[in-house]
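Take a look at the structure set out below.
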Amino acid sequence: MALIELKNLHKRFGRLVVLDGVDLSIEAGQSLVILGASGSGKSVMLKHIVGLLRPDEGEVWFSGIRIDTLPERQLMPIRQRFGFLFQMGALFDSLTVAENIAFPLIEHTHKSASEIRQIVAERLRMIGLPGIGQKMPADLSGGQRKRVALARAIALEPEVILYDEPTTGLDPIRSDVINELILRLKRQLKITSIVVTHDMQSAFKVADRIVMLADGKLIADGTPQQIRQSDNPAVQRFVTGEASPEELSVLRDID
Amino acid sequence: MSLSLIETLGHSTNDALAAFGDFWRFVGRTLSWTIRGMFSWRNLRLLLPQMYEIGVRSVPVIAITGAFIGMVMAIETYTQFKTIGQEQRLGSIINLSVVKQIGPVLAAVMLAGRVGGALTAELGTMNVTEQLDAMRVMGADPIRYLVAPRFIACLILTPILTIYSDLLGVLGGWLVSVKSLGIPNEPYWIFSAQGVDTWEIMEGLVKSLFFGGAIGLISCYKGFNSGAGAAGVGRACTESFVASFIAIIVLNFFFAKLLRDWYEAIYGIVGIFG
């Protein structure tokens with residue numbers, strides 16, 4: 001049985017149709033990358049998986065439980081089984097780095113203060129930033145902030161981690177550090193990973209399966225090799241980073 | 001053309017009703033967390049910083065507002081009372097107005113600006129930077145963490161700050177009336193005591209409790225529902241102040257009517273001229 005299932009998912013904001021009948025099954029332990037242009041609805045899809053958004057039509061299932069109809073209070077324990085790395089990190093800016101990582105532990109476990117300190121130190125070591133626990137998020141660089149957010153996302157050792165554009169805004173070296181971290185977490189914690197990105201290098205490095213979203217529908221689904229060799233022109237253009245003649249016509253209009 | 005107008009009107013009505021329902025659901029969840037978390041040590045730790053931010057840091061602005069209200073009341077009413085030879089009764093009208101109406105209302109309006117604006121901006125920024133979503137994803141309800149402590153702090157501290165504002169207003173009125181306008185000290189206080197009884201003071205404080213609750217709920221709700229970006233947060237702050245201000249003046253009217261009716265039912269009609 002699939003760990004996560006999206007069935008005929010529809011979502012619109014006002015008149016804008018973002019998801020138009022998406023069907024997707026994700027197996028436990030899989031590293032799935034969701035590709036798509038900016039604004040194609042990748043993050044919206046991700047937020048449906050943890051119940052941050054509710055579909056207009058369709059169903060969301062996690063571990064055999066239908067979650068899109070659950071009230072907020074019943075969703076809380078299910079969400080503890082997820083980690084979510086937000087695009088900008090979403091660290092609580094009034095708390096220190098250590099307090100940010102400790103937040104889910106204080107909230108959901110009965111561990112002592114010293115145990116929590118140990119776990120925080122261990123998570124900081126895992127992301128390669130030991131000893132920065134007392135810093136405030138505002139004192140960190142973009143890459144450090146994402147790594148700390150990742151440490152917070154894995155504090156409770158979740159079954160699934162959702163990464164929302166984990167390498168956006170980072171230089172190639174920092175992007176590769178994040179990619180390596182995603183792979184290491186998969187190896188060490190046997191976590192199911194769902195990565196939303198439009199960074200092809202990152203996608204091919206971390207994925208064992210890639211799907212592509214365009215115009216609210218999944219237009220491709222396969223292994224990285226299959227996606228690389230896809231004969232769908234839209235997928236090929238995305239993989240090679242070439243705009244279509246229609247997209248370039250905007251520039252001609254300006255000329 | 002007319003169909004589009006009807007459609008727009010329909011959409012606007014629908015949106016307004018949805019927002020109204022959403023606000024009251026938000027109120028319900030806030031009250032539920034407030035009651036459930038009342039006796040928890042962890043919640044007290046969340047509450048104390050808010051009490052400092054909302055209460056202690058508002059003292060200067062509330063003090064200035066209160067003192068100047070009393071002083072202006074003294075200047076404005078003195079001439080009228082002097083023309084009818086009743087200037088010694090000035091204390092009764094100044095202090096009655098201060099503790100019952102102007103003090104609580106202006107203190108609440110100042111708090112809606114200072115505290116309400118800050119709460120909306122803080123929570124709105126958390127909303128647009130996905131910190132509220134991050135909290136939800138971690139299985140923690142942001143209403144419990146962020147709204148309930150701020151709501152309780154507003155509820156407790158608005159009446160306390162109103163007492164402070166009342167006190168400064170009474171002192172300001174006395175300073176101008178006695179020290180500047182030359183009204184004798186003793187009759188000033190005797191007539192003040194005749195004009196203001198415990199009921200009047202409590203009336204102001206009961207109203208301020210509801211003003212505080214309205215400020216806390218409205219400003220947190222607006223922050224939670226702010227639009228994207230700096231412009232969205234700015235707009236939410238403006239809407240928060242306007243909505244709080246309207247809530248204060250509407251609540252003030254209904255409480256004035258309700259409490260006056262109760263007072264007259266209990267004590268009968270009592271005027272400041274005996």
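Chain labels follow the order of the structure tokens: the first chain is A, the next B, and so on; residue numbering restarts at 1 in every chain, and ligands are counted from 1 in their shown order.
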Closest-contact table, chain B side, partner chain A, 6 Å, counting only C-alpha atoms, as CSV:
```
residue,atom,partner,partner_atom,distance
B:Thr129,CA,A:Ala90,CA,5.9
B:Glu130,CA,A:Ala90,CA,5.4
B:Gln131,CA,A:Ala90,CA,4.8
B:Val137,CA,A:Arg79,CA,5.6
B:Met138,CA,A:Gln80,CA,5.7
B:Gly139,CA,A:Met76,CA,4.3
```
Once DSSP has gone over the backbone, tell me which residues of segment 11-195 of chain A are in helix (DSSP H, G or I), as a PyMOL selection string. chain A and resi 42-49+72-79+97-108+113-126+137-139+142-153+172-189
By how many Å are atom CA of Gln194 of chain B and atom CA of Gly268 of chain B apart?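 Separation between atom CA of Gln194 of chain B and atom CA of Gly268 of chain B: 15.6 Å.
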Please list as number ranges by chain every residue within 12 Å of Tyr263 of chain B, counting only C-alpha atoms and excluding residues in the same chain fewer than 4 positions away. B: 197-200, 202-203, 255-259, 267-270
N, CA and C atoms of the current selection, written as a tab-separated table (two decimals), in the first residue's frame:
```
chain	number	residue	atom	x	y	z
B	197	ASP	N	-18.97	57.57	42.04
B	197	ASP	CA	-19.01	56.48	43.01
B	197	ASP	C	-18.37	55.23	42.42
B	198	THR	N	-18.35	54.17	43.19
B	198	THR	CA	-17.66	52.94	42.75
B	198	THR	C	-18.24	52.42	41.45
B	199	TRP	N	-19.56	52.55	41.31
B	199	TRP	CA	-20.21	52.05	40.08
B	199	TRP	C	-19.60	52.68	38.83
B	200	GLU	N	-19.40	54.03	38.89
B	200	GLU	CA	-18.88	54.74	37.71
B	200	GLU	C	-17.48	54.23	37.35
B	202	MET	N	-16.22	51.29	38.16
B	202	MET	CA	-16.32	49.90	37.67
B	202	MET	C	-16.87	49.85	36.24
B	203	GLU	N	-17.78	50.80	35.93
B	203	GLU	CA	-18.35	50.84	34.59
B	203	GLU	C	-17.23	51.02	33.55
B	255	PHE	N	-22.47	49.33	26.02
B	255	PHE	CA	-22.23	49.20	27.47
B	255	PHE	C	-22.75	50.42	28.22
B	256	ALA	N	-22.64	51.62	27.61
B	256	ALA	CA	-23.17	52.84	28.25
B	256	ALA	C	-24.66	52.65	28.49
B	257	LYS	N	-25.35	52.15	27.46
B	257	LYS	CA	-26.80	51.97	27.55
B	257	LYS	C	-27.15	50.87	28.58
B	258	LEU	N	-26.48	49.74	28.46
B	258	LEU	CA	-26.78	48.60	29.32
B	258	LEU	C	-26.52	48.92	30.79
B	259	LEU	N	-25.34	49.48	31.06
B	259	LEU	CA	-24.96	49.73	32.46
B	259	LEU	C	-25.76	50.89	33.07
B	267	TYR	N	-30.36	51.97	41.57
B	267	TYR	CA	-30.25	53.17	42.44
B	267	TYR	C	-31.23	54.29	42.09
B	268	GLY	N	-31.92	54.19	40.98
B	268	GLY	CA	-32.74	55.31	40.51
B	268	GLY	C	-31.86	56.35	39.84
B	269	ILE	N	-32.46	57.49	39.42
B	269	ILE	CA	-31.69	58.50	38.71
B	269	ILE	C	-30.98	59.41	39.72
B	270	VAL	N	-29.64	59.49	39.61
B	270	VAL	CA	-28.86	60.36	40.51
B	270	VAL	C	-28.03	61.29	39.64
```
Identify, on the basis of only C-alpha atoms, every residue whose closest approach to Leu189 of chain A does not exceed 12 Å; exclude the query and any residue fewer than 2 positions from it along the same chain; express the result as a list in words. Gly29, Met126, Ile154, Ala155, Leu156, Glu157, Pro158, Glu159, Val160, Ile161, Leu181, Ile182, Leu183, Arg184, Leu185, Lys186, Arg187, Ile191, Thr192 and Ser193 of chain A
Determine, counting only C-alpha atoms, which protein, DNA and RNA residues have an atom within 9 Å of an atom of Leu146 of chain B; residues of the same chain fewer than 4 positions away are not included. Present the result as a PDB file with N, CA and C atoms, in the first residue's frame.
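Result written to part.pdb:
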```
ATOM      1  N   LEU B  46       4.638  31.694  28.275  1.00  0.00           N
ATOM      2  CA  LEU B  46       4.344  32.402  27.027  1.00  0.00           C
ATOM      3  C   LEU B  46       3.671  33.743  27.311  1.00  0.00           C
ATOM      4  N   LEU B 123       2.369  39.149  13.822  1.00  0.00           N
ATOM      5  CA  LEU B 123       1.746  37.898  13.357  1.00  0.00           C
ATOM      6  C   LEU B 123       1.610  37.879  11.834  1.00  0.00           C
ATOM      7  N   ASP B 141      -0.648  24.184  17.558  1.00  0.00           N
ATOM      8  CA  ASP B 141      -1.661  25.127  17.094  1.00  0.00           C
ATOM      9  C   ASP B 141      -1.184  26.555  17.367  1.00  0.00           C
ATOM     10  N   PRO B 142      -0.993  27.368  16.315  1.00  0.00           N
ATOM     11  CA  PRO B 142      -0.521  28.745  16.527  1.00  0.00           C
ATOM     12  C   PRO B 142      -1.480  29.581  17.367  1.00  0.00           C
ATOM     13  N   ARG B 150      -1.505  36.450  23.883  1.00  0.00           N
ATOM     14  CA  ARG B 150      -1.679  37.876  23.550  1.00  0.00           C
ATOM     15  C   ARG B 150      -3.083  38.344  23.926  1.00  0.00           C
ATOM     16  N   PHE B 151      -4.066  37.463  23.700  1.00  0.00           N
ATOM     17  CA  PHE B 151      -5.451  37.806  24.047  1.00  0.00           C
ATOM     18  C   PHE B 151      -5.582  37.983  25.565  1.00  0.00           C
ATOM     19  N   CYS B 220      -4.986  40.088  16.313  1.00  0.00           N
ATOM     20  CA  CYS B 220      -4.399  38.770  16.014  1.00  0.00           C
ATOM     21  C   CYS B 220      -5.046  38.167  14.760  1.00  0.00           C
TER      22      CYS B 220
END
```
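Coordinates place atom CA of Ser180 of chain B at a distance of 17.0 Å from atom CA of Asn95 of chain B.
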What are the DSSP strand (DSSP E or B) residues of segment 35-241 of chain A, as a short mmCIF file (atom, residue, chain, number, x, y, z; two decimals) with C-alpha atoms, in the first residue's frame?
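Full text of selection-v4.cif as output:
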```cif
data_model
loop_
_atom_site.label_atom_id
_atom_site.label_comp_id
_atom_site.auth_asym_id
_atom_site.auth_seq_id
_atom_site.Cartn_x
_atom_site.Cartn_y
_atom_site.Cartn_z
CA LEU A 35 9.34 19.34 -11.07
CA GLY A 36 7.49 22.27 -12.51
CA GLU A 57 -12.22 18.22 -4.93
CA GLY A 58 -10.36 14.93 -4.53
CA GLU A 59 -8.77 13.04 -1.66
CA VAL A 60 -5.50 12.98 0.27
CA TRP A 61 -4.51 9.75 2.04
CA PHE A 62 -1.60 9.15 4.40
CA ILE A 65 -6.05 7.50 6.68
CA ARG A 66 -7.95 10.06 4.64
CA PHE A 82 6.11 14.76 8.77
CA GLY A 83 9.02 17.16 8.56
CA PHE A 84 8.64 20.18 6.30
CA LEU A 85 11.47 22.31 5.01
CA VAL A 160 8.39 11.76 5.62
CA ILE A 161 10.20 15.00 4.84
CA LEU A 162 8.75 17.50 2.41
CA TYR A 163 11.29 19.88 0.90
CA ASP A 164 9.89 23.04 -0.69
CA THR A 192 10.59 9.14 2.56
CA SER A 193 11.49 12.37 0.78
CA ILE A 194 9.34 14.56 -1.43
CA VAL A 195 11.30 17.38 -3.00
CA VAL A 196 9.72 20.25 -4.90
CA THR A 197 12.25 21.98 -7.11
CA ARG A 209 11.48 9.03 -9.14
CA ILE A 210 10.57 12.32 -10.81
CA VAL A 211 7.15 13.69 -11.73
CA MET A 212 6.48 16.91 -13.58
CA LEU A 213 3.56 19.26 -13.03
CA ALA A 214 2.30 21.60 -15.77
CA LYS A 217 -1.68 18.09 -14.25
CA LEU A 218 1.15 15.60 -13.98
CA ILE A 219 2.65 15.36 -17.46
CA ALA A 220 5.56 13.02 -16.71
CA ASP A 221 6.36 10.29 -14.21
CA GLY A 222 9.46 8.10 -14.23
#
```
Go through B:Ala236, B:Leu161, B:Val105, B:Leu168 and flag the residue nearest Phe253 of chain B, using only C-alpha atoms for the distances. B:Val105
Skipping near chain neighbours, those fewer than 3 positions away, what residues fall within 6 Å of Asp23 of chain A using only C-alpha atoms, listed as a list in words?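 Residues meeting the cut-off are Leu6, Lys7 and Asn8 of chain A.
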Since we have the selection now, will you write its residues out, keeping C-alpha atoms, as a PDB file, in the first residue's frame?
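For reference, selection_27.pdb as written:
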```pdb
ATOM      1  CA  LEU A   6      -3.406  11.981  -3.915  1.00  0.00           C
ATOM      2  CA  LYS A   7      -6.606  11.117  -5.781  1.00  0.00           C
ATOM      3  CA  ASN A   8      -8.075  13.411  -8.431  1.00  0.00           C
TER       4      ASN A   8
END
```
